[in-house]
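Text of start-v9.cif, listed as mmCIF, C-alpha atoms and all ligand atoms:
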```cif
data_data
loop_
_atom_site.label_atom_id
_atom_site.label_comp_id
_atom_site.auth_asym_id
_atom_site.auth_seq_id
_atom_site.Cartn_x
_atom_site.Cartn_y
_atom_site.Cartn_z
CA MET A 22 5.94 77.85 70.74
CA ARG A 23 4.42 78.72 67.35
CA PHE A 24 0.63 78.94 67.06
CA GLU A 25 -0.01 79.00 70.83
CA HIS A 26 -3.75 79.47 70.39
CA VAL A 27 -5.57 77.38 67.76
CA LEU A 28 -9.20 77.76 66.69
CA VAL A 29 -10.67 74.48 65.40
CA VAL A 30 -13.92 74.91 63.44
CA GLY A 31 -16.04 71.75 63.17
CA ALA A 32 -16.07 69.26 66.07
CA GLY A 33 -16.95 66.07 64.15
CA GLN A 34 -14.73 63.02 63.67
CA MET A 35 -11.81 65.09 62.38
CA GLY A 36 -12.20 68.41 64.22
CA GLY A 37 -12.37 66.64 67.59
CA GLY A 38 -9.19 64.69 66.77
CA ILE A 39 -7.38 67.82 65.55
CA ALA A 40 -8.37 69.70 68.72
CA GLN A 41 -7.06 66.76 70.75
CA VAL A 42 -3.59 66.62 69.15
CA MET A 43 -3.24 70.43 69.29
CA ALA A 44 -4.18 70.42 73.00
CA ALA A 45 -1.93 67.43 73.75
CA SER A 46 0.98 69.43 72.30
CA GLY A 47 0.38 72.09 74.98
CA ARG A 48 -1.55 74.56 72.81
CA ARG A 49 -4.67 76.40 73.88
CA VAL A 50 -7.59 75.33 71.69
CA SER A 51 -10.95 76.99 71.03
CA LEU A 52 -13.40 74.49 69.52
CA HIS A 53 -16.47 75.63 67.57
CA ASP A 54 -19.26 73.76 65.78
CA ALA A 55 -22.48 75.11 64.29
CA ALA A 56 -24.61 72.12 65.39
CA PRO A 57 -26.00 72.10 68.93
CA GLY A 58 -24.33 69.42 71.10
CA ALA A 59 -21.55 68.71 68.56
CA VAL A 60 -18.74 70.20 70.67
CA GLU A 61 -19.90 68.21 73.71
CA ARG A 62 -19.93 65.00 71.63
CA GLY A 63 -16.46 65.89 70.32
CA LEU A 64 -15.18 66.34 73.89
CA GLU A 65 -16.69 62.99 74.91
CA THR A 66 -14.92 61.19 72.02
CA MET A 67 -11.73 63.00 72.99
CA ARG A 68 -12.05 61.83 76.60
CA ARG A 69 -12.38 58.19 75.47
CA SER A 70 -9.42 58.45 73.09
CA LEU A 71 -7.26 60.18 75.74
CA GLY A 72 -8.26 57.52 78.31
CA LYS A 73 -6.86 54.80 76.02
CA LEU A 74 -3.69 56.81 75.32
CA ALA A 75 -3.20 57.53 79.07
CA GLU A 76 -3.07 53.75 79.67
CA LYS A 77 -0.04 53.78 77.36
CA GLY A 78 1.62 56.59 79.33
CA ALA A 79 0.34 59.76 77.59
CA SER A 80 -0.78 62.89 79.52
CA SER A 81 -3.90 62.71 81.68
CA PRO A 82 -7.22 63.28 79.83
CA ASP A 83 -8.20 66.10 82.24
CA GLU A 84 -4.98 67.97 81.59
CA VAL A 85 -5.47 67.86 77.79
CA ILE A 86 -9.22 68.56 77.83
CA GLY A 87 -8.54 71.47 80.20
CA GLN A 88 -6.72 73.13 77.26
CA VAL A 89 -9.88 73.02 75.10
CA GLU A 90 -12.44 75.78 75.39
CA PRO A 91 -15.83 75.36 73.63
CA VAL A 92 -16.78 78.58 71.80
CA GLY A 93 -20.13 79.62 70.32
CA ASP A 94 -18.60 81.39 67.33
CA LEU A 95 -15.27 82.02 65.59
CA VAL A 96 -12.76 83.76 67.89
CA PRO A 97 -9.38 85.41 67.24
CA ALA A 98 -6.44 82.94 67.38
CA ASP A 99 -2.95 82.42 65.86
CA LEU A 100 -4.18 79.63 63.60
CA MET A 101 -7.56 78.34 62.43
CA VAL A 102 -7.93 74.73 61.33
CA GLU A 103 -11.27 74.30 59.57
CA ALA A 104 -12.81 70.79 59.64
CA VAL A 105 -16.46 71.39 58.72
CA VAL A 106 -18.48 69.29 56.28
CA GLU A 107 -16.89 68.68 52.80
CA ASP A 108 -18.93 71.36 51.02
CA ALA A 109 -17.15 74.18 49.17
CA ALA A 110 -19.82 76.84 49.84
CA VAL A 111 -19.91 76.10 53.59
CA LYS A 112 -16.11 76.14 53.82
CA GLU A 113 -15.81 79.39 51.80
CA GLU A 114 -18.20 81.10 54.21
CA VAL A 115 -16.12 79.89 57.20
CA PHE A 116 -12.97 81.27 55.52
CA ARG A 117 -14.66 84.59 54.76
CA ARG A 118 -15.72 84.97 58.39
CA ALA A 119 -12.36 83.75 59.73
CA ASP A 120 -10.62 86.41 57.62
CA GLU A 121 -12.73 89.05 59.40
CA THR A 122 -12.18 87.58 62.88
CA LEU A 123 -8.58 86.35 63.08
CA PRO A 124 -5.62 88.77 63.11
CA ALA A 125 -4.02 89.54 59.73
CA GLU A 126 -0.89 87.46 60.44
CA ALA A 127 -2.87 84.34 61.52
CA VAL A 128 -2.79 81.27 59.27
CA LEU A 129 -6.11 79.90 57.98
CA ALA A 130 -5.81 76.15 57.33
CA SER A 131 -8.32 73.65 56.00
CA ASN A 132 -8.51 69.93 56.69
CA THR A 133 -10.43 69.47 53.42
CA SER A 134 -10.00 66.12 51.67
CA SER A 135 -10.36 67.51 48.17
CA ILE A 136 -11.69 71.07 47.84
CA PRO A 137 -9.18 73.41 46.14
CA ILE A 138 -7.21 75.44 48.69
CA SER A 139 -6.99 78.31 46.18
CA SER A 140 -10.80 78.67 46.14
CA LEU A 141 -10.86 78.89 49.96
CA ALA A 142 -7.98 81.39 49.79
CA ALA A 143 -10.00 83.51 47.32
CA ALA A 144 -12.66 84.00 50.01
CA THR A 145 -10.05 85.86 52.12
CA GLY A 146 -7.83 88.91 51.81
CA ARG A 147 -4.73 86.85 52.78
CA PRO A 148 -4.29 84.05 50.22
CA ASP A 149 -0.58 83.79 51.14
CA ARG A 150 -1.61 82.70 54.69
CA VAL A 151 -4.12 80.03 53.54
CA ILE A 152 -3.06 76.38 53.33
CA GLY A 153 -4.32 72.78 53.49
CA MET A 154 -3.46 70.84 56.65
CA HIS A 155 -4.94 67.44 55.84
CA PHE A 156 -4.96 65.05 58.78
CA PHE A 157 -6.00 61.39 58.61
CA ASN A 158 -8.59 59.46 60.59
CA PRO A 159 -8.24 58.76 63.52
CA VAL A 160 -6.12 61.90 63.96
CA PRO A 161 -4.40 60.97 67.25
CA VAL A 162 -3.19 57.68 65.70
CA MET A 163 -2.41 58.44 62.05
CA ALA A 164 1.12 59.73 61.41
CA LEU A 165 0.61 61.71 58.19
CA VAL A 166 -0.26 65.35 57.52
CA GLU A 167 -0.64 66.18 53.82
CA VAL A 168 0.35 69.85 53.60
CA VAL A 169 -1.37 71.37 50.58
CA ARG A 170 -0.02 74.54 49.00
CA GLY A 171 -2.53 76.75 47.23
CA ARG A 172 -1.44 78.83 44.23
CA GLU A 173 -0.63 81.79 46.48
CA THR A 174 0.44 80.06 49.72
CA SER A 175 3.75 81.66 50.78
CA ASP A 176 6.91 79.65 51.47
CA GLU A 177 6.81 81.00 55.02
CA THR A 178 3.26 79.66 55.61
CA ALA A 179 4.17 76.26 54.14
CA GLU A 180 7.30 76.06 56.32
CA GLU A 181 5.41 77.06 59.48
CA ILE A 182 2.67 74.46 58.94
CA THR A 183 5.18 71.75 58.00
CA GLU A 184 7.06 72.50 61.23
CA LEU A 185 3.83 72.51 63.24
CA ALA A 186 2.98 69.04 61.87
CA ARG A 187 6.38 67.83 63.12
CA GLU A 188 5.79 69.43 66.54
CA LEU A 189 2.53 67.42 66.73
CA GLY A 190 4.58 64.25 66.19
CA LYS A 191 3.34 63.80 62.61
CA THR A 192 5.20 63.36 59.35
CA PRO A 193 4.37 66.10 56.82
CA ALA A 194 4.33 65.52 53.06
CA VAL A 195 3.77 68.49 50.74
CA ALA A 196 1.36 68.35 47.79
CA ASN A 197 0.14 70.93 45.29
CA ASP A 198 -3.42 72.08 44.85
CA PHE A 199 -4.92 69.52 42.43
CA PRO A 200 -8.34 67.86 42.95
CA GLY A 201 -8.03 65.32 45.78
CA PHE A 202 -4.36 66.33 46.22
CA VAL A 203 -2.30 63.09 46.36
CA SER A 204 -4.07 61.04 49.03
CA ASN A 205 -7.64 61.12 47.78
CA ARG A 206 -6.76 61.14 44.10
CA ILE A 207 -5.38 57.66 44.75
CA LEU A 208 -7.56 56.39 47.61
CA MET A 209 -11.05 57.48 46.60
CA PRO A 210 -11.21 55.88 43.11
CA PHE A 211 -10.00 52.67 44.82
CA ILE A 212 -12.87 52.88 47.34
CA ASN A 213 -15.38 53.78 44.60
CA GLU A 214 -14.26 50.77 42.52
CA ALA A 215 -14.74 48.49 45.55
CA VAL A 216 -18.30 49.85 45.90
CA TRP A 217 -18.88 49.11 42.18
CA ALA A 218 -17.64 45.54 42.75
CA LEU A 219 -20.19 45.15 45.56
CA HIS A 220 -22.93 46.84 43.51
CA GLU A 221 -22.37 44.54 40.52
CA GLY A 222 -22.25 41.41 42.71
CA VAL A 223 -18.61 40.56 42.07
CA ALA A 224 -18.34 39.56 45.75
CA ASP A 225 -19.92 40.40 49.11
CA ALA A 226 -18.52 43.13 51.38
CA ASP A 227 -16.57 40.73 53.59
CA ALA A 228 -14.88 39.07 50.62
CA ILE A 229 -13.97 42.42 49.01
CA ASP A 230 -12.40 43.69 52.23
CA THR A 231 -10.64 40.39 52.95
CA ILE A 232 -9.10 40.41 49.46
CA ALA A 233 -7.74 43.94 49.99
CA LYS A 234 -6.53 43.22 53.53
CA LEU A 235 -4.74 39.96 52.84
CA GLY A 236 -3.97 40.45 49.16
CA PHE A 237 -2.63 44.02 49.35
CA ASN A 238 -1.63 44.00 53.03
CA HIS A 239 -3.96 46.90 53.86
CA PRO A 240 -4.96 47.21 57.54
CA LEU A 241 -8.59 47.90 56.56
CA GLY A 242 -10.55 46.88 53.48
CA PRO A 243 -11.87 49.70 51.23
CA LEU A 244 -15.52 49.30 52.33
CA ALA A 245 -14.63 49.37 56.04
CA LEU A 246 -12.40 52.36 55.33
CA ALA A 247 -15.25 54.12 53.51
CA ASP A 248 -17.42 53.57 56.59
CA LEU A 249 -14.67 55.06 58.76
CA ILE A 250 -14.26 58.11 56.51
CA GLY A 251 -18.03 58.68 56.17
CA LEU A 252 -19.96 57.79 53.00
CA ASP A 253 -21.20 61.39 52.61
CA THR A 254 -17.58 62.56 52.62
CA CYS A 255 -16.68 59.86 50.05
CA VAL A 256 -19.43 61.08 47.68
CA ALA A 257 -18.35 64.71 48.14
CA ILE A 258 -14.70 63.84 47.35
CA MET A 259 -15.67 61.81 44.24
CA GLU A 260 -17.71 64.77 43.00
CA VAL A 261 -14.68 67.06 43.35
CA LEU A 262 -12.55 64.53 41.40
CA ARG A 263 -15.26 64.15 38.73
CA ASP A 264 -15.63 67.91 38.27
CA GLY A 265 -11.93 68.74 38.60
CA LEU A 266 -10.43 65.90 36.57
CA SER A 267 -13.44 65.64 34.23
CA GLY A 268 -13.78 61.91 33.87
CA GLU A 269 -16.79 59.62 33.94
CA ARG A 270 -14.74 57.11 35.89
CA TYR A 271 -14.88 59.49 38.87
CA GLU A 272 -18.70 59.44 39.05
CA PRO A 273 -19.70 58.19 42.55
CA CYS A 274 -21.14 54.65 42.40
CA PRO A 275 -24.98 54.72 42.71
CA LEU A 276 -24.77 52.38 45.72
CA LEU A 277 -22.67 54.97 47.56
CA ARG A 278 -25.30 57.63 46.84
CA GLU A 279 -28.09 55.26 47.88
CA HIS A 280 -26.53 54.73 51.32
CA VAL A 281 -26.05 58.47 51.82
CA ALA A 282 -29.64 59.25 50.75
CA ALA A 283 -30.86 56.71 53.31
CA GLY A 284 -28.74 58.31 56.08
CA ARG A 285 -26.39 55.29 56.26
CA LEU A 286 -23.19 57.35 56.53
CA GLY A 287 -20.88 54.70 58.00
CA ARG A 288 -19.58 54.48 61.55
CA LYS A 289 -20.69 57.97 62.49
CA SER A 290 -24.37 57.06 61.90
CA GLY A 291 -24.04 53.44 63.11
CA GLN A 292 -24.65 51.86 59.69
CA GLY A 293 -22.88 51.86 56.34
CA PHE A 294 -21.55 48.85 54.46
CA TYR A 295 -21.38 47.27 57.93
CA ASP A 296 -23.57 47.56 61.03
CA TYR A 297 -21.98 49.33 64.03
CA SER A 298 -25.01 49.42 66.30
N1 LIG B 1 -13.57 61.48 57.83
C1 LIG B 1 -12.33 61.35 57.39
O1 LIG B 1 -11.77 60.25 57.38
C2 LIG B 1 -11.59 62.57 56.93
C3 LIG B 1 -10.20 62.49 56.76
C4 LIG B 1 -9.50 63.63 56.37
C5 LIG B 1 -10.20 64.81 56.13
N2 LIG B 1 -11.54 64.85 56.29
C6 LIG B 1 -12.23 66.14 56.06
O2 LIG B 1 -12.51 66.72 57.32
C7 LIG B 1 -13.71 67.52 57.23
C8 LIG B 1 -14.70 67.07 58.29
O3 LIG B 1 -14.98 65.69 58.13
P1 LIG B 1 -15.55 64.82 59.34
O4 LIG B 1 -15.36 63.40 58.96
O5 LIG B 1 -15.04 65.33 60.64
O6 LIG B 1 -17.12 65.18 59.21
P2 LIG B 1 -18.26 65.13 60.33
O7 LIG B 1 -19.54 65.00 59.59
O8 LIG B 1 -17.92 64.13 61.39
O9 LIG B 1 -18.16 66.59 61.02
C9 LIG B 1 -18.41 67.79 60.35
C10 LIG B 1 -18.83 68.81 61.41
O10 LIG B 1 -18.89 70.11 60.80
C11 LIG B 1 -19.94 70.81 61.46
N3 LIG B 1 -20.30 71.98 60.65
C12 LIG B 1 -20.98 71.99 59.47
N4 LIG B 1 -21.07 73.27 59.03
C13 LIG B 1 -20.46 74.06 59.94
C14 LIG B 1 -20.22 75.46 60.03
N5 LIG B 1 -20.64 76.29 59.08
N6 LIG B 1 -19.53 75.93 61.09
C15 LIG B 1 -19.10 75.10 62.06
N7 LIG B 1 -19.30 73.75 62.04
C16 LIG B 1 -19.97 73.25 60.98
C17 LIG B 1 -21.03 69.77 61.61
O11 LIG B 1 -21.98 70.16 62.58
C18 LIG B 1 -20.21 68.54 62.02
O12 LIG B 1 -20.10 68.43 63.43
C19 LIG B 1 -14.22 67.36 55.79
O13 LIG B 1 -13.71 68.42 55.03
C20 LIG B 1 -13.58 66.04 55.36
O14 LIG B 1 -13.41 65.94 53.98
C21 LIG B 1 -12.26 63.77 56.69
#
```

Show the structure stored in the file as structure tokens.
Amino acid sequence: MRFEHVLVVGAGQMGGGIAQVMAASGRRVSLHDAAPGAVERGLETMRRSLGKLAEKGASSPDEVIGQVEPVGDLVPADLMVEAVVEDAAVKEEVFRRADETLPAEAVLASNTSSIPISSLAAATGRPDRVIGMHFFNPVPVMALVEVVRGRETSDETAEEITELARELGKTPAVANDFPGFVSNRILMPFINEAVWALHEGVADADAIDTIAKLGFNHPLGPLALADLIGLDTCVAIMEVLRDGLSGERYEPCPLLREHVAAGRLGRKSGQGFYDYS
């Protein structure tokens, strides 16, 4: 099996899900987060998700969780998947430290939604082994992995990660290293425009989401989806699009910023455009 031991850095919504699918595929996983209690919360979410999947015939939660080892720092592994907060400086520091800790042939992947892979690669001495492995939320359910090639990502690295995505039961699609790649270049301006519609009083949140769900046949409306992604992450992605594609139309809507400033981050904080308490 390729990448037998995977280090997942960041145990939030995405890191916990990535650890889960890696472990469910029979890989050994080391899970690290800088915040006290975050790995334990990640394992708890994983247990609930695995419980639901076990009812549908998947492996037992104990068996999968038994493959996941909490670690207090970065450890050597065959592959790192980084899923820390969407902040370039924080991610670059993780990549710099991973380059020191993981063996030279290991692949360093990022689950970033928008930050250039080439800038993360530049923090390491192995840019050919750095790549984007962009999962979707919730990771155990969503079928897509957007594989993002940095300027110097080698063909071999891209092939290995594409194959790994298939081994996890996902469908890979390859994109190049442009701001927001493909997924968020399309999705995030759509979400931001929905927030503008709410901000300007075009309609209330329920009506906006109902129009998208029934009119465009989307499973979730853009405001509910923003809550699922995390409003802090939405602002961070819009800022990358604004800076990278230099357009005023990419400026995050003030209402989005207002929610984030007030700590209303969406589902993960219990309140966003909707109340989850
Ligand atoms: N939420 C989504 O729908 C979604 C989808 C695809 C990709 N992403 C990307 O995944 C990444 C994580 O997003 P999330 O929704 O899981 O966020 P989150 O806020 O749920 O989790 C982020 C975690 O990173 C941890 N962290 C911060 N700095 C760290 C460090 N230096 N070392 C170790 N851990 C650190 C935090 O403690 C937190 O637990 C972001 O890059 C985001 O853009 C998110």

Nearest residue to Ala75 in chain A from the set A:Ala45, A:Val96, A:Ala127, A:Ile152 (distances using all atoms listed in the file):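 Smallest separation from Ala75 in chain A among the options: A:Ala45.
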
Using all atoms listed in the file, find each residue in chain A having at least one atom no more than 6 Å away from ligand LIG 1 (chain B); report its shortest atom-to-atom pair and that distance in Å (one decimal), rows by chain then rising number, as a Markdown table.
```
| residue | atom | partner | partner_atom | distance |
| --- | --- | --- | --- | --- |
| A:Val30 | CA | B:LIG1 | C15 | 5.4 |
| A:Gly31 | CA | B:LIG1 | N7 | 4.0 |
| A:Ala32 | CA | B:LIG1 | O12 | 4.9 |
| A:Gly33 | CA | B:LIG1 | O9 | 3.4 |
| A:Gln34 | CA | B:LIG1 | O5 | 3.8 |
| A:Met35 | CA | B:LIG1 | O5 | 3.7 |
| A:Gly36 | CA | B:LIG1 | O5 | 5.5 |
| A:Asp54 | CA | B:LIG1 | N7 | 3.7 |
| A:Ala55 | CA | B:LIG1 | C15 | 4.0 |
| A:Ala56 | CA | B:LIG1 | O11 | 4.3 |
| A:Ala59 | CA | B:LIG1 | O12 | 5.3 |
| A:Ala104 | CA | B:LIG1 | C7 | 4.2 |
| A:Val105 | CA | B:LIG1 | O10 | 3.4 |
| A:Val106 | CA | B:LIG1 | C9 | 4.3 |
| A:Glu107 | CA | B:LIG1 | O13 | 3.9 |
| A:Val111 | CA | B:LIG1 | N5 | 5.5 |
| A:Asn132 | CA | B:LIG1 | O2 | 5.2 |
| A:Thr133 | CA | B:LIG1 | O13 | 3.8 |
| A:Ser134 | CA | B:LIG1 | O14 | 4.1 |
| A:His155 | CA | B:LIG1 | C5 | 5.9 |
| A:Phe156 | CA | B:LIG1 | C4 | 5.3 |
| A:Phe157 | CA | B:LIG1 | C3 | 4.7 |
| A:Asn158 | CA | B:LIG1 | O1 | 4.6 |
| A:Ile250 | CA | B:LIG1 | O1 | 3.4 |
| A:Gly251 | CA | B:LIG1 | N1 | 5.5 |
| A:Thr254 | CA | B:LIG1 | O14 | 5.5 |
```

Print the selection's residues with C-alpha atoms to a file, as a compact mmCIF listing (two decimals), in the coordinates of the input.
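Below you can see again.txt, which holds the result:
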```txt
# COMPACT_ATOMS: atom_id res chain seq x y z
CA VAL A 30 -13.92 74.91 63.44
CA GLY A 31 -16.04 71.75 63.17
CA ALA A 32 -16.07 69.26 66.07
CA GLY A 33 -16.95 66.07 64.15
CA GLN A 34 -14.73 63.02 63.67
CA MET A 35 -11.81 65.09 62.38
CA GLY A 36 -12.20 68.41 64.22
CA ASP A 54 -19.26 73.76 65.78
CA ALA A 55 -22.48 75.11 64.29
CA ALA A 56 -24.61 72.12 65.39
CA ALA A 59 -21.55 68.71 68.56
CA ALA A 104 -12.81 70.79 59.64
CA VAL A 105 -16.46 71.39 58.72
CA VAL A 106 -18.48 69.29 56.28
CA GLU A 107 -16.89 68.68 52.80
CA VAL A 111 -19.91 76.10 53.59
CA ASN A 132 -8.51 69.93 56.69
CA THR A 133 -10.43 69.47 53.42
CA SER A 134 -10.00 66.12 51.67
CA HIS A 155 -4.94 67.44 55.84
CA PHE A 156 -4.96 65.05 58.78
CA PHE A 157 -6.00 61.39 58.61
CA ASN A 158 -8.59 59.46 60.59
CA ILE A 250 -14.26 58.11 56.51
CA GLY A 251 -18.03 58.68 56.17
CA THR A 254 -17.58 62.56 52.62
```

Test item: residues at most 7 Å from Leu277 in chain A, all atoms listed in the file, excluding those fewer than 2 positions along its chain, as a list in words: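 Using all atoms listed in the file, the neighbours found are Val216, Leu252, Val256, Pro273, Cys274, Pro275, Glu279, His280 and Val281 of chain A.
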
Residues near Asp248 in chain A, cut-off 8 Å, only C-alpha atoms, skip fewer than 3 positions along chain, as a VMD selection string: chain A and resid 244 to 245 251 to 252 286 to 288 293 to 295

Spatial neighbours of range 68-72 of chain A, 12 Å, only C-alpha atoms, chain gap at least 2 places, as a VMD selection string: chain A and resid 34 37 to 38 40 to 42 44 to 45 61 to 66 74 to 87 89 159 to 162

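Closest to Pro200 in chain A among A:Val92, A:Leu246, A:Ala98, A:Val169 is A:Val169, based on only C-alpha atoms.
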
Nearest to Glu103 in chain A by atom-to-atom distance, counting only C-alpha atoms, from A:Gly58, A:Gly146, A:Gly153, A:Pro137: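 With only C-alpha atoms as the atom set, the closest residue is A:Gly153.
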
d(CA of Val203 in chain A, CA of Arg170 in chain A) in Å: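 Distance reported for this atom pair: 12.0 Å.
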
Neighbour residues at most 10 Å from (-14.5, 65.6, 41.5) (all atoms listed in the file) as a list in words: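 All residues meeting the 10 Å criterion around (-14.5, 65.6, 41.5) are Ser135, Ile136, Pro200, Gly201, Arg206, Val256, Ala257, Ile258, Met259, Glu260, Val261, Leu262, Arg263, Asp264, Gly265, Leu266, Ser267, Gly268, Glu269, Tyr271, Glu272 and Pro273 of chain A.
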
Pairwise distance for CA of Met43 in chain A and CA of Lys112 in chain A, rounded to one decimal in Å: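 Taking CA of Met43 in chain A as the start and CA of Lys112 in chain A as the end point, the length is 20.9 Å.
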
Among listed residues A:Leu276, A:Val168, A:Leu249, A:Ala233, nearest Trp217 in chain A (using all atoms listed in the file):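 The shortest atom-to-atom distance to Trp217 in chain A comes from A:Leu276.
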
Atomic separation - CA of Leu100 in chain A relative to CA of Phe24 in chain A, Å: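 Rounded to one decimal, the two atoms are 6.0 Å apart.
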
Polymer residues at most 10 Å from (-14.1, 88.7, 62.7) by all atoms listed in the file, as number ranges by chain: A: 94-97, 117-124

Do a neighbour search on Met101 in chain A at 6 Å with all atoms listed in the file, toss out local chain neighbours closer than 3 positions, and write the hits as a CSV table (one decimal) with C-alpha atoms, in the frame of the given file.
```
chain,number,residue,atom,x,y,z
A,27,VAL,CA,-5.6,77.4,67.8
A,28,LEU,CA,-9.2,77.8,66.7
A,29,VAL,CA,-10.7,74.5,65.4
A,129,LEU,CA,-6.1,79.9,58.0
A,130,ALA,CA,-5.8,76.2,57.3
```
